[in-house]
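Engineer: Just dropping this structure here.
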Amino acid sequence: MFMIPPSEDHTLIRWIDGEMNETERKAFEESLKSDTALAKEAKDLRALSSSLRAHLPAEMTVPHADFFNSQIGVRIAQMDLDQVRTDSTEATWMSLIRWMRQPWFATAGAAALAILGFIFFRPSGDVAAQSMILSSYTPDTRIQARAFHDDGAGATVLLLDGLDAIPADKKISGIDVRRSEMEPEVASMTLYDANESQVLMISRDGLGTPLISPRG
Amino acid sequence: MPASAATDLGEVPDLDLVKRSQAGDTRAFDVLVTRYRGRIYAMTYHLIQNEAEAWDLAQEAFIKAWRALPNFKLDAGFYTWLYRIAHNVSYDWLRKKKIQGDGEFDDERTEHRVAAGAEATPKGDVAPDTALRNSELGQRIQAAIAKLSPEHRQVIILREVEGLAYEEIAALVPCSLGTVMSRLFYARKKLQEQLQDVYDTTL
């Protein structure tokens, strides 16, 4: 006797999921009356389907929902900053290339090139002026974050009121942070000192709790 | 993004928020995030079965959506478009992790929070909730879902949670209609096997 494999006999599944037209549905329900095994199978699968819908909610409360949003905001702002920097760099080089293609450029000679080189490759001066505070959000409402920048000292101080004291073995005081890199993919920020050494990495765990990994 | 954005723009239709987001208005996008984060997170959670990973993947989906917004056609539904992105992000992750159907299940993973007002009651048929408390049955179901293969878990979530029609599932996965039905069949049979004691007791 030839039997259709269950994987190819989609009648029952289509009935459970309401994917039959009216004619098909009536015919199938008629067959259920005479086939007790099929009727039990249909009843069991329908009960399973109901349970799944009941216990797999289509909407759930997002843990740390405010932090969820603020992190997205930070990453978008960081992407925008990166894009601005990329565009700026590309525009600078395109401008230089266009200039070099001018007929008179060859006559300007090496002296002009040296001047251009100085202009384009000199170190950027005020690092702090290029920085911006993206957010002072703290996931724990008992903690207040404030930032102060001092041009004279060339430093920004972050005050986190309400945090427990940092353990003595976390040697993060006195570090001269010169630049930072953010990795949006892993939502972490790495701080570097004047020697380009990593001094601190700030990230978070799966629940959004900040993790600090100081050097040493 | 300021939390007040949600209260200012909360009643604005998706389409207007999308237009403003496309123009670079992050406050408008923040409202869209607030509006759909619960649904997107639920989908990633059901697929991944891990709260922390689901949280990250839901966030990744919104970031990808922001990047892709310039290409979004305004004649399409924003949530459908967003859902597709979130689904692809989650399913890619699932495939990379190669979570197997016979993998061990961590009971702690099942702890989840149902949003206030979320639909969480059976429609129509009698569920076997009389023998087990809802929470216990919920944990059993989550455990059974976690043991499904990524392909089977995917179609079950798309059908039972999102209520997508076969054609919509086939387009999203993508695969043929026959494959959708076969996977649904086998996924349900596997769930039935794992929950057999529950149903034997109550039916």
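Identifiers in this document derive from the order of the structure tokens: chains are assigned A, B, ..., residues are numbered from 1 separately in each chain, and ligands are numbered from 1 in order of occurrence.
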Got a sec to pull out which chain A residues are within 6 Å of chain B, counting only C-alpha atoms, and send them as a list of chain:residue names?
Structural biologist: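 That gives A:Ser7, A:Ala47, A:Ser50, A:Ser51, A:Arg53, A:Ala54, A:His55, A:Pro57, A:Ala58, A:Glu59, A:Met60, A:Thr61, A:Val62, A:Ser70, A:Gly73, A:Gly206, A:Leu207 for chain A.
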Engineer: In Å, rounded to a single decimal, give me how far atom CA of Thr44 of chain B is from atom CA of Leu56 of chain A.
Structural biologist: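 Computed distance, atom CA of Leu56 of chain A to atom CA of Thr44 of chain B, equals 11.7 Å.
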